[in-house]
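I have placed the structure first, in the form of structure tokens, so that the comments after it can refer back to it.
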Amino acid sequence: MALGLLLLGATALGGTFATRARAAGPDPALNASAAVQQNFTPVGDFTNLVKKVTPAVVSIDVHLKLDQTSDNVGGDGEGQSQGQMPQGLPNIPGFPPGFPFGLQGIPQQQQAVEAKGSGFIINSSGIVVTNNHVVKDAKTVTVTLSNGSTYPAKILGTDARTDLAVLKIDAGRPLPYVDIGSSANVEPGEWVIALGNPFGLGGTVTAGIVSALGRDIGDGPYDKFIQIDAPINEGNSGGPLFDQRGEVIGVNTAILSPTGGSVGIGFAIPSDMVKRVVDQLQTGGKVVRGYLGVAAQEISPQMSQAMGLPSEDPSKDGALIAAISPGSPAFRAGLQPGDVITKVNGVTVTNPGDLASDIANVDPGHDTSIEYVRGGKTNTLSVAVTTMPANPDAAFKQANNAPSAATPGQAGLGLTIAPLTPDTRGQLNLPSTAQGAVIVKVKPNSLADRAGLQAGDLLVGVGPKDINSPDQAVAAIDAAKKSGNPAVALRIIRQGQALFVGVGLGKKAPDKG
């Protein structure tokens, strides 16, 4: 509907004359605007900051091609070939295929698809930082400056694990840039400003506060996002998050939303992580990380009891080693499943995320001090960290020990366990070298059921003790019951992932004092 502007005017009445009374002059004492302006002190805002940093913030346009013909492939795997007409459409001699229905029935050509994002310039030579997901699978990348100038961009490097990318543009002149500051001292409650290109609206500014720190949203192994309430939307990805000093303290990356739009829960990659990754991408095109070779998990209250860890907040006790890659630095140094890593190079480790980040930041080839707890005692060892392989998860394989031929038995706790057979290995997709005892049944509402154990889990250890057969499992669980501990730690493999499960034994934990 077209909207028009209607101007209202006076209507003349024929033969009628009116005399207007002279209006009294305005009374200054009644002027509300003038009253506000007396002794006026403006509230501080971000106008100066925005004016200064906007020239260094860019919009990013990405072109990629999607194969639209793949949409014609049916669920049974049979597709329409390029030279065939779909059934039900006419084929009239002398006319184009599909006439008179246009080209609807003809497989479409590849169509260019455009995506938009944001970024920021970090030095005058034209180095641009953005998100990896903004430029992933790009055919061409174009960067638009705040003055409207556009330049083709070259991708210098990307890092999927942190969702960061570095681009290079050649403007033929030095460009305005911004500094990447430190996120180490960022605190909840402080003001932040987000700039970017939401929905293609370049130069959009929003403000808010830091809502929380260290958020893990399941996006990657190094999640420690800054949570903000400054509105960010689709297209803000890769844009800078500024503090009041005009320094970048984060890269806007994701939102949590039931609607797809901003609801005041946004996430930015901390600038200290950005610095380390961007420096490597800029110089070498890839990120080299340290590798220890452990799979670690958070410590639950039941697990804390089972492992004898005296803490009121087990989730901050450290990182519990659930599995170790054969031949890895951790394996050679003597670390074992069930050890709890509490420090790396003297820095406290409160959870698996801390461990992953701390080890990744170690230069490969350097010795690293690891403090860990085993059997209630604190130990320290030195580990020579190596370079993380391309697929570190693939390195976790079980040792080549043959399982026992014992028959199914009751392991207590509400578990029925059985030995591994070639059939069960195939059913559970386990390698031929797998060892342990298979949980074939979990009694409803039993101790094991309440702890979350499931039929199909492979039991490979009780506490620090490896399990090769149902008999060994039964004996180890019975020993744990007799020890007086309020819980027992069972090490299992579930869907290829190793983890500990703490199972309460129905006993009251001993008083601390």
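The way I read the labels, and the way they are meant: chains A, B, ... in the order of the structure tokens, residue 1 as the first residue of every chain, and ligand 1 as the first ligand shown, with later ones counted on from there.
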Give me the residues near Thr386 of chain A as a CSV table (one decimal) with N, CA and C atoms, in the first residue's frame, where near means some atom within 9 Å (using only C-alpha atoms) and where sequence neighbours in that chain fewer than 5 positions away do not count.
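That gives us result14.csv:
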```
chain,number,residue,atom,x,y,z
A,289,ARG,N,48.8,-26.3,17.4
A,289,ARG,CA,48.5,-26.4,18.8
A,289,ARG,C,49.2,-27.5,19.4
A,290,GLY,N,49.4,-27.4,20.8
A,290,GLY,CA,50.0,-28.4,21.5
A,290,GLY,C,49.0,-29.6,21.7
A,291,TYR,N,49.6,-30.8,22.0
A,291,TYR,CA,48.7,-32.0,22.1
A,291,TYR,C,49.3,-32.9,23.2
A,292,LEU,N,48.3,-33.2,24.1
A,292,LEU,CA,48.7,-34.1,25.2
A,292,LEU,C,48.2,-35.5,25.0
A,328,SER,N,50.8,-41.4,22.9
A,328,SER,CA,50.7,-40.0,23.0
A,328,SER,C,51.6,-39.5,24.1
A,329,PRO,N,51.9,-38.2,24.2
A,329,PRO,CA,52.7,-37.6,25.3
A,329,PRO,C,52.2,-38.0,26.6
A,363,ASP,N,53.6,-24.4,23.0
A,363,ASP,CA,54.3,-24.6,21.7
A,363,ASP,C,54.8,-26.1,21.7
A,364,PRO,N,54.4,-26.8,20.6
A,364,PRO,CA,54.9,-28.2,20.5
A,364,PRO,C,56.4,-28.3,20.6
A,365,GLY,N,56.8,-29.4,21.3
A,365,GLY,CA,58.2,-29.6,21.6
A,365,GLY,C,58.7,-29.1,22.9
A,366,HIS,N,57.8,-28.3,23.6
A,366,HIS,CA,58.2,-27.8,24.9
A,366,HIS,C,57.7,-28.7,26.0
```
request  = Skip segment 208-218 of chain A itself and residues of its chain fewer than 5 positions away, then list as a PyMOL selection string all residues within 12 Å of it, counting only C-alpha atoms.
outcome  = chain A and resi 45-46+161-162+183-195+223-232+241-244+249-250+253-256+264-270+273+350-354+357
Take the residues that were just selected and, keeping N, CA and C atoms, output them as a short mmCIF file (atom, residue, chain, number, x, y, z; two decimals), in the first residue's frame.
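File part-v9.cif, as written:
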```cif
data_model
loop_
_atom_site.label_atom_id
_atom_site.label_comp_id
_atom_site.auth_asym_id
_atom_site.auth_seq_id
_atom_site.Cartn_x
_atom_site.Cartn_y
_atom_site.Cartn_z
N ASP A 45 27.69 9.19 26.22
CA ASP A 45 27.29 8.20 25.23
C ASP A 45 28.53 7.75 24.45
N PHE A 46 28.29 7.05 23.34
CA PHE A 46 29.39 6.43 22.60
C PHE A 46 29.60 7.08 21.24
N ARG A 161 38.22 -24.65 14.54
CA ARG A 161 38.06 -24.96 15.96
C ARG A 161 37.70 -23.72 16.78
N THR A 162 38.14 -22.55 16.35
CA THR A 162 37.78 -21.32 17.05
C THR A 162 36.86 -20.42 16.23
N SER A 183 41.15 -9.36 26.84
CA SER A 183 39.88 -9.76 27.46
C SER A 183 40.09 -10.31 28.86
N ALA A 184 41.34 -10.31 29.34
CA ALA A 184 41.64 -10.93 30.63
C ALA A 184 40.93 -10.22 31.78
N ASN A 185 40.75 -8.90 31.67
CA ASN A 185 40.17 -8.14 32.77
C ASN A 185 38.73 -7.72 32.51
N VAL A 186 38.11 -8.28 31.48
CA VAL A 186 36.71 -7.98 31.21
C VAL A 186 35.85 -8.54 32.34
N GLU A 187 34.87 -7.76 32.77
CA GLU A 187 34.03 -8.18 33.89
C GLU A 187 32.55 -8.03 33.54
N PRO A 188 31.70 -8.91 34.08
CA PRO A 188 30.26 -8.75 33.87
C PRO A 188 29.79 -7.39 34.38
N GLY A 189 28.91 -6.76 33.61
CA GLY A 189 28.38 -5.46 33.99
C GLY A 189 28.99 -4.29 33.26
N GLU A 190 30.15 -4.49 32.60
CA GLU A 190 30.76 -3.35 31.92
C GLU A 190 30.14 -3.14 30.54
N TRP A 191 30.19 -1.87 30.10
CA TRP A 191 29.60 -1.51 28.81
C TRP A 191 30.39 -2.11 27.65
N VAL A 192 29.67 -2.52 26.60
CA VAL A 192 30.29 -2.97 25.36
C VAL A 192 29.48 -2.44 24.18
N ILE A 193 30.15 -2.30 23.04
CA ILE A 193 29.52 -1.77 21.83
C ILE A 193 29.82 -2.73 20.69
N ALA A 194 28.78 -3.13 19.96
CA ALA A 194 28.92 -4.03 18.82
C ALA A 194 28.66 -3.27 17.53
N LEU A 195 29.56 -3.43 16.56
CA LEU A 195 29.37 -2.83 15.24
C LEU A 195 29.35 -3.95 14.20
N ASP A 223 35.48 -23.41 23.72
CA ASP A 223 34.42 -22.45 24.05
C ASP A 223 34.68 -21.76 25.38
N LYS A 224 34.85 -20.44 25.32
CA LYS A 224 34.92 -19.59 26.52
C LYS A 224 34.36 -18.23 26.16
N PHE A 225 33.16 -18.24 25.63
CA PHE A 225 32.58 -17.03 25.05
C PHE A 225 32.27 -15.97 26.11
N ILE A 226 32.36 -14.71 25.66
CA ILE A 226 31.83 -13.59 26.42
C ILE A 226 30.35 -13.47 26.06
N GLN A 227 29.47 -13.54 27.05
CA GLN A 227 28.04 -13.37 26.79
C GLN A 227 27.68 -11.90 26.94
N ILE A 228 26.93 -11.37 25.98
CA ILE A 228 26.56 -9.95 25.98
C ILE A 228 25.06 -9.81 25.73
N ASP A 229 24.51 -8.66 26.14
CA ASP A 229 23.11 -8.40 25.83
C ASP A 229 22.95 -7.33 24.75
N ALA A 230 24.07 -6.82 24.20
CA ALA A 230 23.99 -5.91 23.06
C ALA A 230 23.37 -6.68 21.89
N PRO A 231 22.32 -6.16 21.27
CA PRO A 231 21.65 -6.90 20.19
C PRO A 231 22.58 -7.17 19.01
N ILE A 232 22.73 -8.44 18.65
CA ILE A 232 23.43 -8.83 17.43
C ILE A 232 22.53 -9.82 16.70
N LEU A 241 33.53 -6.46 18.94
CA LEU A 241 32.91 -6.04 20.19
C LEU A 241 33.91 -5.12 20.89
N PHE A 242 33.54 -3.87 21.10
CA PHE A 242 34.46 -2.87 21.66
C PHE A 242 34.18 -2.63 23.14
N ASP A 243 35.26 -2.31 23.87
CA ASP A 243 35.09 -1.74 25.20
C ASP A 243 35.06 -0.23 25.06
N GLN A 244 34.98 0.48 26.17
CA GLN A 244 34.85 1.94 26.12
C GLN A 244 36.15 2.63 25.71
N ILE A 249 37.53 -6.35 22.23
CA ILE A 249 37.67 -7.36 23.29
C ILE A 249 36.97 -8.66 22.92
N GLY A 250 36.38 -8.71 21.72
CA GLY A 250 35.72 -9.94 21.30
C GLY A 250 35.29 -9.86 19.85
N THR A 253 29.91 -13.69 17.36
CA THR A 253 29.91 -14.96 16.64
C THR A 253 28.56 -15.66 16.61
N ALA A 254 27.81 -15.65 17.71
CA ALA A 254 26.60 -16.47 17.79
C ALA A 254 25.58 -15.81 18.70
N ILE A 255 24.33 -16.24 18.54
CA ILE A 255 23.26 -15.82 19.45
C ILE A 255 22.47 -17.04 19.88
N LEU A 256 21.83 -16.92 21.02
CA LEU A 256 20.89 -17.94 21.48
C LEU A 256 19.50 -17.34 21.33
N GLY A 264 18.74 -10.72 23.19
CA GLY A 264 19.64 -10.21 24.23
C GLY A 264 20.61 -11.23 24.77
N ILE A 265 20.81 -12.34 24.05
CA ILE A 265 21.80 -13.34 24.47
C ILE A 265 22.73 -13.59 23.30
N GLY A 266 23.85 -12.88 23.30
CA GLY A 266 24.84 -13.01 22.23
C GLY A 266 26.17 -13.49 22.79
N PHE A 267 27.03 -13.99 21.90
CA PHE A 267 28.30 -14.56 22.32
C PHE A 267 29.43 -14.06 21.43
N ALA A 268 30.54 -13.69 22.07
CA ALA A 268 31.71 -13.18 21.36
C ALA A 268 32.95 -13.96 21.78
N ILE A 269 33.82 -14.24 20.81
CA ILE A 269 35.09 -14.93 21.10
C ILE A 269 36.01 -13.95 21.82
N PRO A 270 36.57 -14.32 22.98
CA PRO A 270 37.43 -13.40 23.72
C PRO A 270 38.66 -12.98 22.91
N MET A 273 42.03 -15.00 22.93
CA MET A 273 42.07 -16.15 22.03
C MET A 273 42.22 -15.69 20.58
N THR A 350 40.35 -25.92 36.16
CA THR A 350 39.10 -26.17 36.88
C THR A 350 38.17 -27.13 36.15
N ASN A 351 38.35 -27.28 34.83
CA ASN A 351 37.46 -28.13 34.05
C ASN A 351 38.16 -28.56 32.76
N PRO A 352 37.55 -29.45 31.98
CA PRO A 352 38.19 -29.90 30.73
C PRO A 352 38.45 -28.78 29.73
N GLY A 353 37.59 -27.76 29.72
CA GLY A 353 37.82 -26.64 28.81
C GLY A 353 39.12 -25.92 29.11
N ASP A 354 39.41 -25.72 30.40
CA ASP A 354 40.69 -25.11 30.78
C ASP A 354 41.86 -25.95 30.29
N SER A 357 42.36 -25.67 26.44
CA SER A 357 42.94 -24.38 26.05
C SER A 357 44.39 -24.25 26.48
#
```
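Interatomic distance, atom CA of Pro431 of chain A to atom CA of Ala319 of chain A: 26.7 Å.
Of the listed residues (A:Gln37, A:Asn233, A:Ser304, A:Thr142), A:Ser304 comes nearest to Val501 of chain A; the distances count only C-alpha atoms.
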request  = Taking the chain letters and numbering used in this document, name the residues of segment 254-360 of chain A that DSSP puts in strand (DSSP E or B), as a list in words.
outcome  = Ala254, Ile255, Gly266, Phe267, Ala268, Ile269, Pro270, Gly290, Tyr291, Val294, Ala295, Ala296, Gln297, Ala319, Leu320, Ile321, Ala322, Ala323, Ile324, Val340, Ile341, Thr342, Lys343, Val344, Val347 and Thr348 of chain A
Take the residues from that selection and write them out as a compact mmCIF listing (two decimals), in the first residue's frame, keeping C-alpha atoms.
```
# COMPACT_ATOMS: atom_id res chain seq x y z
CA ALA A 254 26.60 -16.47 17.79
CA ILE A 255 23.26 -15.82 19.45
CA GLY A 266 24.84 -13.01 22.23
CA PHE A 267 28.30 -14.56 22.32
CA ALA A 268 31.71 -13.18 21.36
CA ILE A 269 35.09 -14.93 21.10
CA PRO A 270 37.43 -13.40 23.72
CA GLY A 290 49.98 -28.43 21.55
CA TYR A 291 48.75 -31.99 22.05
CA VAL A 294 43.86 -37.28 26.70
CA ALA A 295 40.08 -37.26 26.63
CA ALA A 296 38.85 -35.46 29.73
CA GLN A 297 35.50 -34.87 31.38
CA ALA A 319 39.79 -32.35 34.44
CA LEU A 320 39.20 -36.09 34.88
CA ILE A 321 41.10 -38.22 32.35
CA ALA A 322 38.64 -40.67 30.79
CA ALA A 323 40.94 -42.06 28.08
CA ILE A 324 44.52 -41.78 26.87
CA VAL A 340 42.58 -35.64 37.69
CA ILE A 341 44.68 -32.85 36.15
CA THR A 342 44.58 -29.77 38.38
CA LYS A 343 47.37 -27.54 36.98
CA VAL A 344 49.24 -26.93 33.72
CA VAL A 347 47.96 -22.45 36.14
CA THR A 348 44.90 -23.93 37.84
```
inquiry  = Could you pull out the alpha helix (DSSP H) residues of segment 184-349 of chain A, going by DSSP on the backbone, and write them as a list in words?
reply    =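 Output for segment 184-349 of chain A, alpha helix (DSSP H) only: Ser271, Asp272, Met273, Val274, Lys275, Arg276, Val277, Val278, Asp279, Gln280, Leu281, Gln282, Thr283, Gly284, Pro301, Gln302, Met303, Ser304, Gln305, Ala306, Pro329, Ala330, Phe331, Arg332 and Ala333 of chain A.
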task = Please indicate the distance in Å from atom CA of Leu309 of chain A to atom CA of Gly346 of chain A, rounded to one decimal place.
result =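 Separating atom CA of Leu309 of chain A from atom CA of Gly346 of chain A is a distance of 19.6 Å.
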ask   = Within 8 Å of Phe199 of chain A, counting only C-alpha atoms, which residues qualify if same-chain residues fewer than 5 places away don't, as an MDAnalysis selection string?
value = chainID A and resid 116 233:235
request  = Enter the distance from atom CA of Leu459 of chain A to atom CA of Ala437 of chain A, in Å, rounded to one decimal.
outcome  =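 Atom CA of Ala437 of chain A lies 5.1 Å from atom CA of Leu459 of chain A.
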ask   = So which one's closest to Gly239 of chain A, A:Ala306, A:Val58, A:Ile370, A:Ile439? Using only C-alpha atoms, please.
value =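 Of A:Ala306, A:Val58, A:Ile370, A:Ile439, the one nearest Gly239 of chain A is A:Val58, counting only C-alpha atoms.
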